[in-house]
Structure formats: C-alpha cells, structure tokens
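Peer 1: So here's structure.pdb (PDB, C-alpha atoms and all ligand atoms).
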ATOM      1  CA  MET I1403      -9.307  95.747  44.342  1.00  0.00           C
ATOM      2  CA  ASP I1404      -5.495  95.622  44.032  1.00  0.00           C
ATOM      3  CA  LEU I1405      -4.824  98.256  46.697  1.00  0.00           C
ATOM      4  CA  ARG I1406      -1.265  97.796  47.966  1.00  0.00           C
ATOM      5  CA  VAL I1407      -1.874  98.827  51.570  1.00  0.00           C
ATOM      6  CA  ALA I1408      -4.907  98.535  53.824  1.00  0.00           C
ATOM      7  CA  THR I1409      -6.381 101.510  55.659  1.00  0.00           C
ATOM      8  CA  ASP I1410      -5.179 101.705  59.270  1.00  0.00           C
ATOM      9  CA  ALA I1411      -7.709 100.391  61.811  1.00  0.00           C
ATOM     10  CA  LYS I1412      -7.248 103.702  63.691  1.00  0.00           C
ATOM     11  CA  TRP I1413      -9.000 105.435  60.795  1.00  0.00           C
ATOM     12  CA  VAL I1414     -12.147 103.358  61.413  1.00  0.00           C
ATOM     13  CA  ASP I1415     -12.139 104.302  65.127  1.00  0.00           C
ATOM     14  CA  LEU I1416     -11.629 107.971  64.256  1.00  0.00           C
ATOM     15  CA  VAL I1417     -14.560 107.929  61.818  1.00  0.00           C
ATOM     16  CA  LEU I1418     -16.876 106.094  64.225  1.00  0.00           C
ATOM     17  CA  ASN I1419     -16.102 108.733  66.870  1.00  0.00           C
ATOM     18  CA  ASN I1420     -16.740 111.567  64.386  1.00  0.00           C
ATOM     19  CA  ILE I1421     -19.434 110.043  62.213  1.00  0.00           C
ATOM     20  CA  ASP I1422     -21.255 113.350  61.566  1.00  0.00           C
ATOM     21  CA  ARG I1423     -18.060 114.976  60.260  1.00  0.00           C
ATOM     22  CA  PHE I1424     -17.474 111.932  58.065  1.00  0.00           C
ATOM     23  CA  ILE I1425     -20.994 112.118  56.604  1.00  0.00           C
ATOM     24  CA  ILE I1426     -20.542 115.823  55.762  1.00  0.00           C
ATOM     25  CA  ASP I1427     -17.228 115.059  54.025  1.00  0.00           C
ATOM     26  CA  HIS I1428     -18.865 112.164  52.223  1.00  0.00           C
ATOM     27  CA  ALA I1429     -21.511 114.509  50.790  1.00  0.00           C
ATOM     28  CA  GLN I1430     -18.751 116.812  49.496  1.00  0.00           C
ATOM     29  CA  THR I1431     -16.987 113.908  47.772  1.00  0.00           C
ATOM     30  CA  LYS I1432     -20.183 112.921  45.923  1.00  0.00           C
ATOM     31  CA  ARG I1433     -20.698 116.463  44.654  1.00  0.00           C
ATOM     32  CA  LYS I1434     -17.049 116.735  43.571  1.00  0.00           C
ATOM     33  CA  SER I1435     -17.157 113.357  41.772  1.00  0.00           C
ATOM     34  CA  ALA I1436     -20.248 114.344  39.793  1.00  0.00           C
ATOM     35  CA  HIS I1437     -18.620 117.663  38.888  1.00  0.00           C
ATOM     36  CA  ALA I1438     -15.332 116.012  37.831  1.00  0.00           C
ATOM     37  CA  ALA I1439     -17.216 113.569  35.593  1.00  0.00           C
ATOM     38  CA  MET I1440     -19.090 116.399  33.876  1.00  0.00           C
ATOM     39  CA  SER I1441     -15.781 118.230  33.317  1.00  0.00           C
ATOM     40  CA  MET I1442     -14.282 115.113  31.763  1.00  0.00           C
ATOM     41  CA  LEU I1443     -17.294 114.732  29.488  1.00  0.00           C
ATOM     42  CA  THR I1444     -16.859 118.345  28.370  1.00  0.00           C
ATOM     43  CA  TYR I1445     -13.112 117.930  27.836  1.00  0.00           C
ATOM     44  CA  TYR I1446     -13.427 114.846  25.594  1.00  0.00           C
ATOM     45  CA  PRO I1447     -16.649 115.464  23.610  1.00  0.00           C
ATOM     46  CA  ASP I1448     -15.530 113.185  20.749  1.00  0.00           C
ATOM     47  CA  LYS I1449     -15.108 110.074  22.913  1.00  0.00           C
ATOM     48  CA  GLN I1450     -18.615 108.596  22.732  1.00  0.00           C
ATOM     49  CA  ASN I1451     -18.083 105.743  25.163  1.00  0.00           C
ATOM     50  CA  LEU I1452     -16.588 108.102  27.728  1.00  0.00           C
ATOM     51  CA  VAL I1453     -19.344 110.698  27.317  1.00  0.00           C
ATOM     52  CA  LYS I1454     -22.048 108.055  27.829  1.00  0.00           C
ATOM     53  CA  SER I1455     -20.275 106.580  30.854  1.00  0.00           C
ATOM     54  CA  MET I1456     -19.560 109.957  32.481  1.00  0.00           C
ATOM     55  CA  LEU I1457     -23.167 111.031  32.079  1.00  0.00           C
ATOM     56  CA  THR I1458     -24.393 107.862  33.833  1.00  0.00           C
ATOM     57  CA  PHE I1459     -21.658 108.112  36.450  1.00  0.00           C
ATOM     58  CA  SER I1460     -22.370 111.748  37.301  1.00  0.00           C
ATOM     59  CA  VAL I1461     -26.099 111.006  37.660  1.00  0.00           C
ATOM     60  CA  GLU I1462     -25.287 108.101  40.016  1.00  0.00           C
ATOM     61  CA  GLU I1463     -22.953 110.290  42.072  1.00  0.00           C
ATOM     62  CA  LEU I1464     -25.609 113.029  42.284  1.00  0.00           C
ATOM     63  CA  GLN I1465     -28.196 110.470  43.394  1.00  0.00           C
ATOM     64  CA  TYR I1466     -25.843 109.407  46.180  1.00  0.00           C
ATOM     65  CA  PHE I1467     -25.168 113.062  46.983  1.00  0.00           C
ATOM     66  CA  GLN I1468     -28.930 113.446  47.424  1.00  0.00           C
ATOM     67  CA  ARG I1469     -29.093 110.366  49.667  1.00  0.00           C
ATOM     68  CA  VAL I1470     -26.218 111.655  51.836  1.00  0.00           C
ATOM     69  CA  MET I1471     -27.896 115.075  52.037  1.00  0.00           C
ATOM     70  CA  HIS I1472     -31.092 113.326  53.190  1.00  0.00           C
ATOM     71  CA  LEU I1473     -29.055 111.579  55.884  1.00  0.00           C
ATOM     72  CA  MET I1474     -27.588 114.965  56.869  1.00  0.00           C
ATOM     73  CA  HIS I1475     -31.024 116.565  57.149  1.00  0.00           C
ATOM     74  CA  GLN I1476     -32.174 113.728  59.420  1.00  0.00           C
ATOM     75  CA  ARG I1477     -29.177 114.481  61.652  1.00  0.00           C
ATOM     76  CA  ASP I1478     -29.581 118.255  61.378  1.00  0.00           C
ATOM     77  CA  LEU I1479     -26.204 118.629  59.653  1.00  0.00           C
ATOM     78  CA  THR I1480     -25.282 121.247  57.066  1.00  0.00           C
ATOM     79  CA  LEU I1481     -22.594 121.342  54.404  1.00  0.00           C
ATOM     80  CA  LEU I1482     -19.300 123.015  55.267  1.00  0.00           C
ATOM     81  CA  PRO I1483     -17.123 125.223  53.042  1.00  0.00           C
ATOM     82  CA  ASP I1484     -15.063 123.220  50.586  1.00  0.00           C
ATOM     83  CA  GLU I1485     -11.682 122.019  51.761  1.00  0.00           C
ATOM     84  CA  GLN I1486      -8.726 120.768  49.763  1.00  0.00           C
ATOM     85  CA  THR I1487      -8.148 117.019  49.907  1.00  0.00           C
ATOM     86  CA  PRO I1488      -4.371 116.388  50.048  1.00  0.00           C
ATOM     87  CA  TYR I1489      -4.866 112.732  49.031  1.00  0.00           C
ATOM     88  CA  ILE I1490      -6.578 113.762  45.770  1.00  0.00           C
ATOM     89  CA  ASN I1491      -4.219 116.690  45.087  1.00  0.00           C
ATOM     90  CA  LEU I1492      -1.117 114.535  45.571  1.00  0.00           C
ATOM     91  CA  LEU I1493      -2.500 111.744  43.396  1.00  0.00           C
ATOM     92  CA  CYS I1494      -3.224 114.307  40.678  1.00  0.00           C
ATOM     93  CA  GLN I1495       0.443 115.323  40.732  1.00  0.00           C
ATOM     94  CA  HIS I1496       1.015 112.007  38.937  1.00  0.00           C
ATOM     95  CA  LEU I1497      -0.971 113.184  35.899  1.00  0.00           C
ATOM     96  CA  ARG I1498       1.468 113.327  32.990  1.00  0.00           C
ATOM     97  CA  PRO I1499       1.091 116.391  30.722  1.00  0.00           C
ATOM     98  CA  GLN I1500       1.032 114.709  27.292  1.00  0.00           C
ATOM     99  CA  HIS I1501      -2.605 114.516  26.060  1.00  0.00           C
ATOM    100  CA  ASP I1502      -3.061 110.720  25.786  1.00  0.00           C
ATOM    101  CA  GLU I1503      -1.017 109.982  28.890  1.00  0.00           C
ATOM    102  CA  TYR I1504      -3.024 112.565  30.820  1.00  0.00           C
ATOM    103  CA  PHE I1505      -6.259 110.872  29.771  1.00  0.00           C
ATOM    104  CA  LEU I1506      -5.002 107.411  30.768  1.00  0.00           C
ATOM    105  CA  ASP I1507      -3.795 108.736  34.129  1.00  0.00           C
ATOM    106  CA  GLN I1508      -7.125 110.467  34.764  1.00  0.00           C
ATOM    107  CA  LEU I1509      -9.007 107.209  34.207  1.00  0.00           C
ATOM    108  CA  LEU I1510      -6.643 105.123  36.325  1.00  0.00           C
ATOM    109  CA  ILE I1511      -6.367 107.625  39.179  1.00  0.00           C
ATOM    110  CA  THR I1512     -10.163 107.854  39.351  1.00  0.00           C
ATOM    111  CA  SER I1513     -10.394 104.058  39.358  1.00  0.00           C
ATOM    112  CA  ILE I1514      -7.940 103.940  42.273  1.00  0.00           C
ATOM    113  CA  ILE I1515      -9.792 106.640  44.240  1.00  0.00           C
ATOM    114  CA  GLU I1516     -13.028 104.671  43.792  1.00  0.00           C
ATOM    115  CA  ALA I1517     -11.232 101.479  44.889  1.00  0.00           C
ATOM    116  CA  ARG I1518     -10.029 103.203  48.071  1.00  0.00           C
ATOM    117  CA  SER I1519     -13.563 104.517  48.677  1.00  0.00           C
ATOM    118  CA  HIS I1520     -14.887 100.972  48.283  1.00  0.00           C
ATOM    119  CA  GLU I1521     -12.388  99.679  50.853  1.00  0.00           C
ATOM    120  CA  ARG I1522     -13.179 102.427  53.341  1.00  0.00           C
ATOM    121  CA  PHE I1523     -16.978 102.319  53.044  1.00  0.00           C
ATOM    122  CA  SER I1524     -16.772  98.528  53.465  1.00  0.00           C
ATOM    123  CA  LEU I1525     -14.739  99.022  56.662  1.00  0.00           C
ATOM    124  CA  ILE I1526     -17.272 101.504  58.027  1.00  0.00           C
ATOM    125  CA  ALA I1527     -20.213  99.266  57.100  1.00  0.00           C
ATOM    126  CA  ALA I1528     -18.564  96.315  58.862  1.00  0.00           C
ATOM    127  CA  ALA I1529     -17.871  98.373  62.000  1.00  0.00           C
ATOM    128  CA  LEU I1530     -21.362  99.911  62.326  1.00  0.00           C
ATOM    129  CA  GLY I1531     -24.113  98.185  64.318  1.00  0.00           C
ATOM    130  CA  GLU I1532     -27.211  96.884  62.522  1.00  0.00           C
ATOM    131  CA  GLY I1533     -29.348  99.691  61.142  1.00  0.00           C
ATOM    132  CA  ASP I1534     -30.012 102.058  58.266  1.00  0.00           C
ATOM    133  CA  LEU I1535     -26.538 103.621  58.361  1.00  0.00           C
ATOM    134  CA  LYS I1536     -24.837 100.219  58.047  1.00  0.00           C
ATOM    135  CA  ASP I1537     -27.169  99.290  55.147  1.00  0.00           C
ATOM    136  CA  PHE I1538     -26.429 102.604  53.456  1.00  0.00           C
ATOM    137  CA  TYR I1539     -22.651 102.168  53.669  1.00  0.00           C
ATOM    138  CA  GLN I1540     -22.890  98.564  52.482  1.00  0.00           C
ATOM    139  CA  SER I1541     -24.795  99.695  49.416  1.00  0.00           C
ATOM    140  CA  ILE I1542     -22.461 102.604  48.712  1.00  0.00           C
ATOM    141  CA  ALA I1543     -19.406 100.335  49.059  1.00  0.00           C
ATOM    142  CA  GLN I1544     -20.827  98.154  46.266  1.00  0.00           C
ATOM    143  CA  GLU I1545     -21.407 101.227  44.134  1.00  0.00           C
ATOM    144  CA  GLU I1546     -17.790 102.333  44.558  1.00  0.00           C
ATOM    145  CA  ALA I1547     -16.509  98.897  43.474  1.00  0.00           C
ATOM    146  CA  HIS I1548     -18.666  99.212  40.367  1.00  0.00           C
ATOM    147  CA  HIS I1549     -17.281 102.718  39.713  1.00  0.00           C
ATOM    148  CA  SER I1550     -13.688 101.541  40.119  1.00  0.00           C
ATOM    149  CA  SER I1551     -14.293  98.849  37.465  1.00  0.00           C
ATOM    150  CA  LEU I1552     -16.021 101.353  35.207  1.00  0.00           C
ATOM    151  CA  PHE I1553     -12.920 103.587  35.023  1.00  0.00           C
ATOM    152  CA  ALA I1554     -10.521 100.630  34.713  1.00  0.00           C
ATOM    153  CA  ASN I1555     -12.626  99.290  31.827  1.00  0.00           C
ATOM    154  CA  LEU I1556     -12.670 102.694  30.139  1.00  0.00           C
ATOM    155  CA  ALA I1557      -8.852 102.714  30.333  1.00  0.00           C
ATOM    156  CA  LEU I1558      -8.821  99.294  28.638  1.00  0.00           C
ATOM    157  CA  HIS I1559     -11.270 100.544  26.000  1.00  0.00           C
ATOM    158  CA  TYR I1560      -9.007 103.426  24.970  1.00  0.00           C
ATOM    159  CA  PHE I1561      -5.508 102.014  25.652  1.00  0.00           C
ATOM    160  CA  SER I1562      -3.617  98.746  25.231  1.00  0.00           C
ATOM    161  CA  HIS I1563      -3.685  96.137  27.957  1.00  0.00           C
ATOM    162  CA  GLU I1564       0.069  96.543  28.381  1.00  0.00           C
ATOM    163  CA  ALA I1565      -0.062 100.343  28.731  1.00  0.00           C
ATOM    164  CA  VAL I1566      -2.862 100.057  31.297  1.00  0.00           C
ATOM    165  CA  THR I1567      -1.155  97.302  33.312  1.00  0.00           C
ATOM    166  CA  ILE I1568       2.168  99.163  33.554  1.00  0.00           C
ATOM    167  CA  ARG I1569       0.681 102.529  34.499  1.00  0.00           C
ATOM    168  CA  ARG I1570      -1.884 101.021  36.862  1.00  0.00           C
ATOM    169  CA  ALA I1571       0.873  99.287  38.840  1.00  0.00           C
ATOM    170  CA  GLN I1572       2.874 102.549  39.078  1.00  0.00           C
ATOM    171  CA  LEU I1573      -0.145 104.507  40.282  1.00  0.00           C
ATOM    172  CA  PHE I1574      -1.201 101.871  42.805  1.00  0.00           C
ATOM    173  CA  THR I1575       2.334 102.028  44.254  1.00  0.00           C
ATOM    174  CA  ALA I1576       2.182 105.829  44.431  1.00  0.00           C
ATOM    175  CA  GLU I1577      -1.233 105.651  46.116  1.00  0.00           C
ATOM    176  CA  ALA I1578       0.074 103.207  48.729  1.00  0.00           C
ATOM    177  CA  GLU I1579       2.882 105.638  49.621  1.00  0.00           C
ATOM    178  CA  LEU I1580       0.324 108.397  50.140  1.00  0.00           C
ATOM    179  CA  ILE I1581      -1.825 106.204  52.375  1.00  0.00           C
ATOM    180  CA  LYS I1582       1.215 105.305  54.471  1.00  0.00           C
ATOM    181  CA  ASN I1583       2.363 108.915  54.842  1.00  0.00           C
ATOM    182  CA  LEU I1584      -0.743 111.101  55.051  1.00  0.00           C
ATOM    183  CA  PRO I1585      -2.239 111.760  58.488  1.00  0.00           C
ATOM    184  CA  ILE I1586      -5.612 110.088  59.081  1.00  0.00           C
ATOM    185  CA  LYS I1587      -8.729 112.249  59.228  1.00  0.00           C
ATOM    186  CA  ALA I1588     -12.412 111.521  59.812  1.00  0.00           C
ATOM    187  CA  CYS I1589     -12.931 111.905  56.068  1.00  0.00           C
ATOM    188  CA  VAL I1590     -13.370 109.514  53.173  1.00  0.00           C
ATOM    189  CA  HIS I1591      -9.850 110.328  51.918  1.00  0.00           C
TER     190      HIS I1591
HETATM  191 FE    FE O   1     -18.210 106.563  43.269  1.00  0.00          FE
END
Step by step, read the file and then write its structure as structure tokens.
Peer 2:
Amino acid sequence: MDLRVATDAKWVDLVLNNIDRFIIDHAQTKRKSAHAAMSMLTYYPDKQNLVKSMLTFSVEELQYFQRVMHLMHQRDLTLLPDEQTPYINLLCQHLRPQHDEYFLDQLLITSIIEARSHERFSLIAAALGEGDLKDFYQSIAQEEAHHSSLFANLALHYFSHEAVTIRRAQLFTAEAELIKNLPIKACVH
C-alpha cells in the first residue's frame, strides 16, 4: 500500500496485551470516519461522484461501528470519552489552505490513514489465534484496503495523475516521519 515504514512489532505486542482498549479505540475510529465522510459530503455538495462515494463509505463505516459495538457488548465493554488522536491531528497539519489543494490533501490523507489501518489490522489478524476475533480483523483489514483505494481513486478522478503522484509521495513521507516519532499506544493510530 506504499507505506514508507512498517509498524513496529512492539505495537502488535502492546495491542495483544491490551486488546479490550484497542477494540474500544477501534469503535471510536469507525464513528469518526463515518462522521468525517458525512462532513465531506456536506462540504462538497456539487461533486456528485464524491457525494455518492462518501454516502456509501459512511454507511460501511457505520456498519463496522455496529459490528465493533457488538464485539464490545460481548466483552462487557463501554465506549470511553473521545480523545484526540495526535497521528490524525499532525497529518491534518499538512492540509494546504487553498480550496483545490485542501480537497486533494483531504482525499490523499484519508487514503493514507486507511492504508495504515489496513496494515495494522492485518498485523493484528496475523498475530491472533484462530477464532472469531481473527476472522473479524482479517475482514476489516480487507475493507480498509478497499477504502484506501477508494480515496486514491477519487483523487485521480478530480486531479491530474501528476498532481496526485507528487502530493501522494510528499504525504507518504510525512506520514512515515510521524510513525517513526510518535509513541506507540494500544490504539489503531
Ligand atoms: Fe475504513
């Protein structure tokens, strides 16, 4: 998925030792993704392809939110108050203010976040023993790969191949720096 650095193996150990905390954080990320997609749809009402895609995407994210909540209920877990995610906040600092550039950056940053989610859910699925939880994370890893492509393809729909390639490379480099420098937590990001 073009990520420049791999997640540290220590992150996998940390998550496996705090799997309930990870599942709660995972639920929050699904809710936030669905919300962000609905905001984007509202912000660009004239972009038909985007509106259609964001509607489908937000429904998919909400369906996964529901599945994670089901998992939480089985484990007697409840949601926690919202917390800031430094990884997301710092990536968003790369959003350029000019309207078109902002839109391109939004699409590419979301594609990168989904690519990182795909990598991390794949790592968790591989590390878990056989069972429902492993199957769940395998299926969600596939979904995140699909979402990463969705946003990359939207960028290519609205912008030139050259503009997308140049900016994508810059943002992947910025993301790699964040991954190298941010402390690891038992969270998706
Ligand atoms: Fe996703």
Peer 1: From the list I:Gln1495, I:Ser1551, I:Gln1500, I:Asn1451, which residue is nearest I:His1520 when using only C-alpha atoms?
Peer 2: I:Ser1551
Peer 1: Give the residue list for ligand FE 1 (chain O) at 10 Å, counting all atoms listed in the file, as a list in words, sorted by chain and then by residue number.
Peer 2: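 These are the residues that qualify: Thr1431, Lys1432, Ser1435, Ala1436, Phe1459, Ser1460, Glu1462, Glu1463, Leu1464, Tyr1466, Thr1512, Ser1513, Ile1515, Glu1516, Ala1517, Ser1519, His1520, Ile1542, Ala1543, Gln1544, Glu1545, Glu1546, Ala1547, His1548, His1549, Ser1550 and Leu1552 of chain I.
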Peer 1: Just checking: using all atoms listed in the file, which residue out of I:Tyr1504, I:Trp1413, I:Phe1574, I:Tyr1446 ends up closest to I:Arg1522?
Peer 2: I:Trp1413
Peer 1: Out of I:Leu1497, I:Val1407, I:Leu1535, I:Leu1452, which residue has the shortest atom-to-atom distance to I:Val1470 when counting all atoms listed in the file?
Peer 2: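 Closest to I:Val1470, using all atoms listed in the file: I:Leu1535.
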Peer 1: What do you get, as an MDAnalysis selection string, if you spell out every residue that the PyMOL selection byres (((chain I and resi 1579-1586) around 10) and not hetatm) selects here?
Peer 2: chainID I and resid 1406:1410 1412:1414 1416:1417 1488:1490 1492:1493 1518 1573:1578 1587:1591
Peer 1: Decode the PyMOL selection byres (((chain I and resi 1559) around 12) and not hetatm) for the given file into explicit residues and return them as a list in words.
Peer 2: Lys1449, Gln1450, Asn1451, Leu1452, Ser1455, Leu1506, Leu1509, Ser1551, Leu1552, Phe1553, Ala1554, Asn1555, Leu1556, Ala1557, Leu1558, Tyr1560, Phe1561, Ser1562, His1563, Ala1565 and Val1566 of chain I
Peer 1: Please produce an output containing C-alpha atoms for each residue in the selection, written as a PDB file, in the coordinates of the input.
Peer 2:
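Produced file selection.pdb, reproduced below:
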ATOM      1  CA  LYS I1449     -15.108 110.074  22.913  1.00  0.00           C
ATOM      2  CA  GLN I1450     -18.615 108.596  22.732  1.00  0.00           C
ATOM      3  CA  ASN I1451     -18.083 105.743  25.163  1.00  0.00           C
ATOM      4  CA  LEU I1452     -16.588 108.102  27.728  1.00  0.00           C
ATOM      5  CA  SER I1455     -20.275 106.580  30.854  1.00  0.00           C
ATOM      6  CA  LEU I1506      -5.002 107.411  30.768  1.00  0.00           C
ATOM      7  CA  LEU I1509      -9.007 107.209  34.207  1.00  0.00           C
ATOM      8  CA  SER I1551     -14.293  98.849  37.465  1.00  0.00           C
ATOM      9  CA  LEU I1552     -16.021 101.353  35.207  1.00  0.00           C
ATOM     10  CA  PHE I1553     -12.920 103.587  35.023  1.00  0.00           C
ATOM     11  CA  ALA I1554     -10.521 100.630  34.713  1.00  0.00           C
ATOM     12  CA  ASN I1555     -12.626  99.290  31.827  1.00  0.00           C
ATOM     13  CA  LEU I1556     -12.670 102.694  30.139  1.00  0.00           C
ATOM     14  CA  ALA I1557      -8.852 102.714  30.333  1.00  0.00           C
ATOM     15  CA  LEU I1558      -8.821  99.294  28.638  1.00  0.00           C
ATOM     16  CA  TYR I1560      -9.007 103.426  24.970  1.00  0.00           C
ATOM     17  CA  PHE I1561      -5.508 102.014  25.652  1.00  0.00           C
ATOM     18  CA  SER I1562      -3.617  98.746  25.231  1.00  0.00           C
ATOM     19  CA  HIS I1563      -3.685  96.137  27.957  1.00  0.00           C
ATOM     20  CA  ALA I1565      -0.062 100.343  28.731  1.00  0.00           C
ATOM     21  CA  VAL I1566      -2.862 100.057  31.297  1.00  0.00           C
TER      22      VAL I1566
END
Peer 1: Residues within 8 Å of stretch 1475-1482 of chain I, please, as a list of chain:residue names. Count all atoms listed in the file; anything in the same chain fewer than 5 positions from it doesn't count.
Peer 2: I:Asp1422, I:Ile1426, I:Ala1429, I:Gln1430
Peer 1: Could you check how far atom CA of I:Gln1508 sits from atom CA of I:Phe1523, in Å to one decimal?
Peer 2: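 Computing the Euclidean distance for atom CA of I:Gln1508 and atom CA of I:Phe1523 yields 22.3 Å.
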